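Printed here is model_5.txt (compact mmCIF, N, CA and C atoms):
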```
# COMPACT_ATOMS: atom_id res chain seq x y z
N TYR A 25 -6.26 18.69 -2.61
CA TYR A 25 -6.54 17.79 -1.50
C TYR A 25 -5.36 17.78 -0.54
N LYS A 26 -5.67 17.79 0.73
CA LYS A 26 -4.64 17.71 1.75
C LYS A 26 -4.12 16.28 1.79
N CYS A 27 -2.78 16.12 1.76
CA CYS A 27 -2.17 14.79 1.72
C CYS A 27 -1.23 14.57 2.89
N GLN A 28 -1.05 13.30 3.21
CA GLN A 28 -0.09 12.87 4.22
C GLN A 28 1.02 12.12 3.51
N GLN A 29 2.28 12.48 3.79
CA GLN A 29 3.41 11.78 3.18
C GLN A 29 3.73 10.52 3.98
N VAL A 30 3.92 9.42 3.27
CA VAL A 30 4.33 8.16 3.89
C VAL A 30 5.56 7.68 3.14
N LEU A 31 6.65 7.42 3.87
CA LEU A 31 7.87 6.86 3.29
C LEU A 31 8.02 5.42 3.75
N VAL A 32 8.29 4.54 2.80
CA VAL A 32 8.49 3.13 3.12
C VAL A 32 9.87 2.74 2.61
N LYS A 33 10.71 2.25 3.53
CA LYS A 33 12.06 1.82 3.17
C LYS A 33 12.13 0.31 3.30
N ASP A 34 12.68 -0.33 2.26
CA ASP A 34 12.77 -1.79 2.26
C ASP A 34 13.99 -2.21 1.45
N LYS A 35 14.98 -2.76 2.12
CA LYS A 35 16.19 -3.29 1.47
C LYS A 35 16.85 -2.26 0.57
N GLY A 36 16.96 -1.03 1.03
CA GLY A 36 17.61 0.03 0.27
C GLY A 36 16.69 0.77 -0.68
N ASN A 37 15.54 0.22 -0.97
CA ASN A 37 14.56 0.89 -1.83
C ASN A 37 13.69 1.81 -0.99
N VAL A 38 13.27 2.92 -1.57
CA VAL A 38 12.41 3.86 -0.86
C VAL A 38 11.19 4.18 -1.73
N THR A 39 10.01 4.05 -1.16
CA THR A 39 8.78 4.44 -1.84
C THR A 39 8.16 5.59 -1.08
N GLU A 40 7.93 6.69 -1.78
CA GLU A 40 7.33 7.90 -1.21
C GLU A 40 5.90 7.98 -1.72
N MET A 41 4.95 8.06 -0.79
CA MET A 41 3.54 8.14 -1.17
C MET A 41 2.90 9.35 -0.53
N TRP A 42 2.06 10.02 -1.29
CA TRP A 42 1.27 11.14 -0.78
C TRP A 42 -0.18 10.70 -0.81
N LEU A 43 -0.78 10.52 0.36
CA LEU A 43 -2.13 9.96 0.50
C LEU A 43 -3.14 11.03 0.87
N ALA A 44 -4.23 11.10 0.10
CA ALA A 44 -5.30 12.06 0.35
C ALA A 44 -6.45 11.38 1.07
N GLU A 45 -7.04 12.10 1.99
CA GLU A 45 -8.21 11.58 2.71
C GLU A 45 -9.47 11.88 1.91
N GLY A 46 -10.49 11.06 2.11
CA GLY A 46 -11.79 11.32 1.53
C GLY A 46 -11.99 10.83 0.10
N LEU A 47 -11.01 10.11 -0.44
CA LEU A 47 -11.13 9.61 -1.81
C LEU A 47 -11.22 8.09 -1.87
N GLY A 48 -11.33 7.46 -0.73
CA GLY A 48 -11.41 6.00 -0.70
C GLY A 48 -10.04 5.36 -0.60
N THR A 49 -10.02 4.05 -0.79
CA THR A 49 -8.79 3.28 -0.72
C THR A 49 -8.44 2.78 -2.10
N PHE A 50 -7.18 2.79 -2.43
CA PHE A 50 -6.69 2.43 -3.76
C PHE A 50 -6.45 0.93 -3.88
N MET A 51 -7.31 0.22 -4.60
CA MET A 51 -7.13 -1.18 -4.96
C MET A 51 -6.68 -2.07 -3.80
N GLY A 52 -7.27 -1.90 -2.65
CA GLY A 52 -6.97 -2.80 -1.54
C GLY A 52 -5.73 -2.46 -0.76
N MET A 53 -5.15 -1.27 -0.94
CA MET A 53 -3.93 -0.93 -0.22
C MET A 53 -4.11 -1.08 1.28
N GLY A 54 -3.19 -1.80 1.89
CA GLY A 54 -3.14 -1.91 3.32
C GLY A 54 -4.17 -2.81 3.96
N ASN A 55 -5.01 -3.47 3.17
CA ASN A 55 -6.00 -4.34 3.82
C ASN A 55 -5.95 -5.77 3.31
N GLY A 56 -4.94 -6.09 2.49
CA GLY A 56 -4.76 -7.46 2.06
C GLY A 56 -5.59 -7.88 0.87
N GLY A 57 -6.47 -7.02 0.36
CA GLY A 57 -7.30 -7.39 -0.78
C GLY A 57 -6.83 -6.72 -2.05
N GLY A 58 -7.38 -7.12 -3.16
CA GLY A 58 -7.03 -6.53 -4.44
C GLY A 58 -5.65 -6.91 -4.90
N PRO A 59 -5.24 -6.44 -6.09
CA PRO A 59 -3.96 -6.82 -6.65
C PRO A 59 -2.78 -6.46 -5.78
N PHE A 60 -2.84 -5.32 -5.08
CA PHE A 60 -1.72 -4.91 -4.26
C PHE A 60 -1.69 -5.65 -2.93
N GLY A 61 -2.73 -6.33 -2.60
CA GLY A 61 -2.76 -7.10 -1.37
C GLY A 61 -2.64 -8.58 -1.65
N GLY A 62 -2.18 -8.94 -2.82
CA GLY A 62 -2.01 -10.33 -3.16
C GLY A 62 -3.09 -10.82 -4.11
N GLY A 63 -4.23 -10.14 -4.13
CA GLY A 63 -5.27 -10.44 -5.07
C GLY A 63 -5.97 -11.76 -4.86
N ARG A 64 -5.72 -12.41 -3.76
CA ARG A 64 -6.31 -13.72 -3.53
C ARG A 64 -7.22 -13.74 -2.32
N GLY A 65 -7.47 -12.58 -1.74
CA GLY A 65 -8.37 -12.52 -0.60
C GLY A 65 -7.83 -13.21 0.64
N ARG A 66 -6.51 -13.25 0.77
CA ARG A 66 -5.91 -13.93 1.91
C ARG A 66 -6.16 -13.21 3.22
N GLY A 67 -6.36 -11.88 3.13
CA GLY A 67 -6.67 -11.12 4.32
C GLY A 67 -5.45 -10.64 5.09
N ALA A 68 -4.27 -11.15 4.81
CA ALA A 68 -3.07 -10.75 5.52
C ALA A 68 -2.18 -9.94 4.59
N THR A 69 -1.60 -8.85 5.11
CA THR A 69 -0.69 -8.06 4.30
C THR A 69 0.66 -8.75 4.27
N THR A 70 1.38 -8.58 3.17
CA THR A 70 2.65 -9.28 3.03
C THR A 70 3.82 -8.35 2.75
N SER A 71 3.66 -7.32 1.95
CA SER A 71 4.77 -6.47 1.59
C SER A 71 5.02 -5.41 2.66
N LYS A 72 6.26 -4.90 2.64
CA LYS A 72 6.67 -3.88 3.61
C LYS A 72 5.78 -2.63 3.51
N TRP A 73 5.49 -2.19 2.28
CA TRP A 73 4.69 -0.96 2.14
C TRP A 73 3.25 -1.20 2.56
N GLU A 74 2.72 -2.41 2.34
CA GLU A 74 1.36 -2.70 2.80
C GLU A 74 1.30 -2.66 4.32
N GLN A 75 2.31 -3.20 4.96
CA GLN A 75 2.35 -3.19 6.42
C GLN A 75 2.41 -1.76 6.94
N ALA A 76 3.17 -0.90 6.25
CA ALA A 76 3.29 0.50 6.67
C ALA A 76 1.98 1.26 6.51
N LEU A 77 1.17 0.87 5.52
CA LEU A 77 -0.09 1.57 5.26
C LEU A 77 -1.26 1.04 6.07
N LYS A 78 -1.10 -0.11 6.68
CA LYS A 78 -2.19 -0.71 7.43
C LYS A 78 -2.68 0.27 8.49
N GLY A 79 -3.93 0.64 8.40
CA GLY A 79 -4.51 1.55 9.37
C GLY A 79 -4.32 3.03 9.04
N VAL A 80 -3.50 3.35 8.03
CA VAL A 80 -3.27 4.75 7.67
C VAL A 80 -4.41 5.25 6.79
N GLY A 81 -4.77 4.48 5.77
CA GLY A 81 -5.84 4.87 4.86
C GLY A 81 -5.42 5.96 3.91
N GLY A 82 -6.31 6.31 3.04
CA GLY A 82 -6.04 7.37 2.08
C GLY A 82 -5.81 6.84 0.68
N PHE A 83 -5.96 7.72 -0.30
CA PHE A 83 -5.78 7.38 -1.70
C PHE A 83 -4.50 8.05 -2.20
N PRO A 84 -3.59 7.31 -2.82
CA PRO A 84 -2.33 7.91 -3.25
C PRO A 84 -2.51 8.82 -4.47
N LEU A 85 -2.14 10.09 -4.30
CA LEU A 85 -2.17 11.02 -5.41
C LEU A 85 -0.81 11.09 -6.09
N ARG A 86 0.22 10.66 -5.38
CA ARG A 86 1.57 10.57 -5.96
C ARG A 86 2.31 9.42 -5.28
N VAL A 87 2.97 8.60 -6.11
CA VAL A 87 3.80 7.51 -5.61
C VAL A 87 5.09 7.53 -6.43
N ILE A 88 6.22 7.56 -5.73
CA ILE A 88 7.52 7.52 -6.39
C ILE A 88 8.36 6.46 -5.68
N SER A 89 8.87 5.51 -6.45
CA SER A 89 9.74 4.47 -5.90
C SER A 89 11.14 4.66 -6.46
N ARG A 90 12.14 4.55 -5.58
CA ARG A 90 13.54 4.67 -5.97
C ARG A 90 14.30 3.44 -5.48
N ASP A 91 15.27 3.02 -6.29
CA ASP A 91 16.08 1.88 -5.90
C ASP A 91 17.18 2.32 -4.94
N ALA A 92 18.06 1.40 -4.57
CA ALA A 92 19.11 1.68 -3.59
C ALA A 92 20.08 2.77 -4.07
N ALA A 93 20.17 2.98 -5.39
CA ALA A 93 21.04 4.02 -5.94
C ALA A 93 20.28 5.34 -6.13
N SER A 94 19.08 5.44 -5.58
CA SER A 94 18.20 6.61 -5.67
C SER A 94 17.68 6.87 -7.08
N LYS A 95 17.77 5.88 -7.95
CA LYS A 95 17.22 6.01 -9.30
C LYS A 95 15.72 5.77 -9.25
N GLU A 96 14.96 6.67 -9.87
CA GLU A 96 13.51 6.53 -9.92
C GLU A 96 13.16 5.33 -10.80
N VAL A 97 12.42 4.38 -10.23
CA VAL A 97 12.05 3.17 -10.97
C VAL A 97 10.55 3.11 -11.24
N PHE A 98 9.78 3.93 -10.55
CA PHE A 98 8.33 3.95 -10.74
C PHE A 98 7.80 5.30 -10.29
N LYS A 99 6.84 5.83 -11.07
CA LYS A 99 6.18 7.07 -10.66
C LYS A 99 4.74 7.04 -11.15
N MET A 100 3.85 7.39 -10.25
CA MET A 100 2.43 7.51 -10.58
C MET A 100 1.94 8.80 -9.94
N GLU A 101 1.24 9.62 -10.71
CA GLU A 101 0.73 10.87 -10.16
C GLU A 101 -0.64 11.17 -10.75
N VAL A 102 -1.59 11.43 -9.87
CA VAL A 102 -2.93 11.81 -10.30
C VAL A 102 -2.84 13.24 -10.83
N THR A 103 -3.41 13.46 -12.01
CA THR A 103 -3.37 14.79 -12.61
C THR A 103 -4.74 15.46 -12.65
N LYS A 104 -5.81 14.67 -12.43
CA LYS A 104 -7.14 15.24 -12.48
C LYS A 104 -8.10 14.36 -11.68
N ILE A 105 -8.97 14.99 -10.93
CA ILE A 105 -9.99 14.28 -10.17
C ILE A 105 -11.35 14.84 -10.57
N GLU A 106 -12.23 13.97 -11.02
CA GLU A 106 -13.58 14.37 -11.38
C GLU A 106 -14.57 13.53 -10.57
N PRO A 107 -15.03 14.06 -9.44
CA PRO A 107 -15.99 13.30 -8.62
C PRO A 107 -17.28 13.03 -9.39
N GLY A 108 -17.92 11.92 -9.06
CA GLY A 108 -19.20 11.58 -9.67
C GLY A 108 -19.09 10.36 -10.56
N PRO A 109 -20.22 9.98 -11.15
CA PRO A 109 -20.23 8.80 -12.01
C PRO A 109 -19.35 9.02 -13.24
N GLN A 110 -18.68 7.97 -13.65
CA GLN A 110 -17.83 8.02 -14.83
C GLN A 110 -18.45 7.17 -15.94
N PRO A 111 -18.25 7.54 -17.19
CA PRO A 111 -18.84 6.77 -18.29
C PRO A 111 -18.19 5.39 -18.40
N ASP A 112 -18.98 4.39 -18.79
CA ASP A 112 -18.46 3.04 -18.97
C ASP A 112 -17.29 3.01 -19.94
N SER A 113 -17.30 3.90 -20.93
CA SER A 113 -16.23 3.94 -21.93
C SER A 113 -14.86 4.23 -21.31
N ALA A 114 -14.84 4.86 -20.14
CA ALA A 114 -13.58 5.15 -19.47
C ALA A 114 -12.89 3.88 -18.97
N PHE A 115 -13.63 2.79 -18.89
CA PHE A 115 -13.10 1.54 -18.37
C PHE A 115 -12.99 0.45 -19.44
N ALA A 116 -13.19 0.82 -20.69
CA ALA A 116 -13.09 -0.14 -21.80
C ALA A 116 -11.63 -0.27 -22.22
N PRO A 117 -11.19 -1.49 -22.57
CA PRO A 117 -9.81 -1.66 -23.05
C PRO A 117 -9.59 -0.85 -24.33
N PRO A 118 -8.40 -0.30 -24.50
CA PRO A 118 -8.13 0.48 -25.71
C PRO A 118 -8.07 -0.41 -26.95
N ALA A 119 -8.21 0.20 -28.11
CA ALA A 119 -8.11 -0.55 -29.37
C ALA A 119 -6.74 -1.23 -29.43
N GLY A 120 -6.73 -2.47 -29.87
CA GLY A 120 -5.48 -3.22 -29.99
C GLY A 120 -5.03 -3.89 -28.70
N TYR A 121 -5.83 -3.78 -27.66
CA TYR A 121 -5.50 -4.40 -26.37
C TYR A 121 -5.35 -5.91 -26.52
N GLN A 122 -4.30 -6.45 -25.89
CA GLN A 122 -4.10 -7.90 -25.85
C GLN A 122 -3.91 -8.31 -24.41
N LYS A 123 -4.63 -9.32 -23.99
CA LYS A 123 -4.53 -9.81 -22.62
C LYS A 123 -3.15 -10.42 -22.39
N PHE A 124 -2.59 -10.13 -21.21
CA PHE A 124 -1.28 -10.65 -20.83
C PHE A 124 -1.44 -11.50 -19.58
N GLN A 125 -0.94 -12.70 -19.63
CA GLN A 125 -0.99 -13.61 -18.48
C GLN A 125 0.37 -13.62 -17.81
N MET A 126 0.40 -13.37 -16.51
CA MET A 126 1.65 -13.42 -15.76
C MET A 126 2.19 -14.84 -15.76
N PRO A 127 3.51 -15.02 -15.86
CA PRO A 127 4.09 -16.36 -15.82
C PRO A 127 3.68 -17.10 -14.55
N GLY A 128 3.31 -18.34 -14.70
CA GLY A 128 2.91 -19.14 -13.55
C GLY A 128 1.54 -18.78 -13.02
N GLY A 129 0.82 -17.90 -13.71
CA GLY A 129 -0.52 -17.53 -13.27
C GLY A 129 -0.54 -16.57 -12.09
N MET A 130 0.62 -16.03 -11.70
CA MET A 130 0.69 -15.13 -10.55
C MET A 130 0.06 -13.79 -10.90
N PRO A 131 -0.89 -13.31 -10.11
CA PRO A 131 -1.49 -12.00 -10.38
C PRO A 131 -0.51 -10.88 -10.07
N PHE A 132 -0.72 -9.72 -10.72
CA PHE A 132 0.12 -8.55 -10.46
C PHE A 132 0.12 -8.23 -8.97
N GLY A 133 1.30 -7.98 -8.44
CA GLY A 133 1.39 -7.58 -7.04
C GLY A 133 1.37 -8.73 -6.07
N GLY A 134 1.21 -9.94 -6.55
CA GLY A 134 1.16 -11.10 -5.66
C GLY A 134 2.51 -11.40 -5.08
N GLY A 135 2.53 -12.04 -3.97
CA GLY A 135 3.83 -12.36 -3.43
C GLY A 135 3.66 -13.00 -2.16
```
Can you present the structure in this file as structure tokens?
Amino acid sequence: YKCQQVLVKDKGNVTEMWLAEGLGTFMGMGNGGGPFGGGRGRGATTSKWEQALKGVGGFPLRVISRDAASKEVFKMEVTKIEPGPQPDSAFAPPAGYQKFQMPGGMPFGGG
């Protein structure tokens, strides 16, 4: 897939994203919805990277975040894409799964 590189710099941290067209939007990126948009349906973007992605679109096939010392603190990379319907079993919690509640009830990515 052809990708567009997007770099987001915030307080010394750098997040590098490679976004592919035609695969949809990843969990509300850039539109204020979903866990990365606050998860509360507020409609307004809040984080620096969300603001940078607003209007860009695309699905991230690679995301690498580095701290101010250039140390990699997060990496996500798509390794396989299978278009079409996926089996329900692909979305079932694994054996031994235990639900985790964020302190104070804050959803992941909220802020």
Using atom N of A:Ala76 and atom CA of A:Gln125 as the two end points, give the distance in Å to one decimal. 28.1 Å
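Selection around (-8.2, 9.6, 2.5) with radius 6.5 Å, counting all atoms listed in the file, yields the residues Leu43, Ala44, Glu45, Gly46, Leu47, Gly48, Gly81, Gly82 and Phe83 of chain A.
Of the listed residues (A:Val32, A:Ala116, A:Phe98, A:Ala92), A:Val32 comes nearest to A:Gln75; the distances count only C-alpha atoms.
For the set A:Met41, A:Val87, A:Leu77, A:Ala114, the residue with the smallest atom-to-atom gap to A:Gln29 is A:Met41, counting all atoms listed in the file.
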Written record: stretch 80-116 of chain A, N, CA and C atoms, as a CSV table (one decimal), in the first residue's frame:
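Wrote decode-v3.csv, looks like this:
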```csv
chain,number,residue,atom,x,y,z
A,80,VAL,N,-6.3,14.7,7.3
A,80,VAL,CA,-5.3,14.0,6.5
A,80,VAL,C,-5.9,12.6,6.1
A,81,GLY,N,-6.5,11.9,7.0
A,81,GLY,CA,-7.1,10.6,6.8
A,81,GLY,C,-6.0,9.5,6.6
A,82,GLY,N,-6.5,8.3,6.4
A,82,GLY,CA,-5.6,7.2,6.2
A,82,GLY,C,-5.5,6.3,7.4
A,83,PHE,N,-5.0,5.1,7.2
A,83,PHE,CA,-4.9,4.1,8.3
A,83,PHE,C,-3.4,3.9,8.5
A,84,PRO,N,-3.0,3.9,9.8
A,84,PRO,CA,-1.6,3.8,10.1
A,84,PRO,C,-1.1,2.3,9.9
A,85,LEU,N,-0.1,2.1,9.0
A,85,LEU,CA,0.5,0.8,8.9
A,85,LEU,C,1.7,0.7,9.8
A,86,ARG,N,2.3,1.8,10.2
A,86,ARG,CA,3.4,1.9,11.1
A,86,ARG,C,3.3,3.1,11.9
A,87,VAL,N,3.5,3.0,13.2
A,87,VAL,CA,3.6,4.1,14.1
A,87,VAL,C,4.8,3.9,15.1
A,88,ILE,N,5.7,4.9,15.2
A,88,ILE,CA,6.8,4.8,16.1
A,88,ILE,C,6.9,6.1,16.8
A,89,SER,N,6.9,6.0,18.2
A,89,SER,CA,7.0,7.2,19.0
A,89,SER,C,8.3,7.1,19.7
A,90,ARG,N,9.0,8.3,19.8
A,90,ARG,CA,10.3,8.4,20.5
A,90,ARG,C,10.2,9.5,21.5
A,91,ASP,N,10.9,9.4,22.6
A,91,ASP,CA,10.9,10.4,23.6
A,91,ASP,C,11.9,11.5,23.2
A,92,ALA,N,12.1,12.4,24.1
A,92,ALA,CA,13.1,13.5,23.8
A,92,ALA,C,14.5,13.1,23.7
A,93,ALA,N,14.8,11.9,24.2
A,93,ALA,CA,16.2,11.3,24.1
A,93,ALA,C,16.3,10.4,22.9
A,94,SER,N,15.3,10.4,22.0
A,94,SER,CA,15.2,9.6,20.8
A,94,SER,C,15.0,8.1,21.1
A,95,LYS,N,14.7,7.7,22.3
A,95,LYS,CA,14.4,6.3,22.7
A,95,LYS,C,13.0,5.9,22.2
A,96,GLU,N,13.0,4.8,21.6
A,96,GLU,CA,11.7,4.3,21.1
A,96,GLU,C,10.8,3.9,22.3
A,97,VAL,N,9.6,4.5,22.4
A,97,VAL,CA,8.8,4.2,23.6
A,97,VAL,C,7.5,3.4,23.1
A,98,PHE,N,7.2,3.4,21.8
A,98,PHE,CA,6.0,2.7,21.3
A,98,PHE,C,6.3,2.4,19.8
A,99,LYS,N,5.8,1.2,19.4
A,99,LYS,CA,5.9,0.8,18.0
A,99,LYS,C,4.7,-0.1,17.7
A,100,MET,N,4.1,0.2,16.6
A,100,MET,CA,3.0,-0.6,16.1
A,100,MET,C,3.2,-0.7,14.6
A,101,GLU,N,3.2,-1.9,14.1
A,101,GLU,CA,3.3,-2.1,12.6
A,101,GLU,C,2.4,-3.2,12.2
A,102,VAL,N,1.7,-2.9,11.1
A,102,VAL,CA,0.8,-3.9,10.5
A,102,VAL,C,1.7,-4.9,9.7
A,103,THR,N,1.5,-6.2,9.9
A,103,THR,CA,2.3,-7.2,9.2
A,103,THR,C,1.5,-8.0,8.2
A,104,LYS,N,0.2,-7.9,8.2
A,104,LYS,CA,-0.7,-8.6,7.3
A,104,LYS,C,-2.0,-7.9,7.1
A,105,ILE,N,-2.5,-7.8,5.9
A,105,ILE,CA,-3.8,-7.3,5.6
A,105,ILE,C,-4.6,-8.3,4.9
A,106,GLU,N,-5.8,-8.7,5.4
A,106,GLU,CA,-6.6,-9.6,4.7
A,106,GLU,C,-8.0,-9.0,4.5
A,107,PRO,N,-8.2,-8.4,3.3
A,107,PRO,CA,-9.5,-7.7,3.1
A,107,PRO,C,-10.7,-8.7,3.2
A,108,GLY,N,-11.8,-8.3,3.6
A,108,GLY,CA,-13.0,-9.1,3.6
A,108,GLY,C,-13.5,-9.4,5.0
A,109,PRO,N,-14.6,-10.1,5.1
A,109,PRO,CA,-15.1,-10.4,6.5
A,109,PRO,C,-14.1,-11.2,7.3
A,110,GLN,N,-14.1,-11.0,8.6
A,110,GLN,CA,-13.2,-11.7,9.5
A,110,GLN,C,-14.1,-12.5,10.4
A,111,PRO,N,-13.5,-13.7,10.9
A,111,PRO,CA,-14.3,-14.5,11.8
A,111,PRO,C,-14.5,-13.8,13.1
A,112,ASP,N,-15.7,-14.1,13.8
A,112,ASP,CA,-16.0,-13.5,15.1
A,112,ASP,C,-14.9,-13.9,16.1
A,113,SER,N,-14.3,-15.1,15.9
A,113,SER,CA,-13.3,-15.6,16.8
A,113,SER,C,-12.0,-14.7,16.9
A,114,ALA,N,-11.8,-13.9,15.8
A,114,ALA,CA,-10.7,-13.0,15.8
A,114,ALA,C,-10.8,-11.9,16.8
A,115,PHE,N,-12.0,-11.6,17.2
A,115,PHE,CA,-12.3,-10.5,18.1
A,115,PHE,C,-12.7,-11.0,19.5
A,116,ALA,N,-12.5,-12.3,19.8
A,116,ALA,CA,-12.8,-12.8,21.2
A,116,ALA,C,-11.6,-12.6,22.1
```
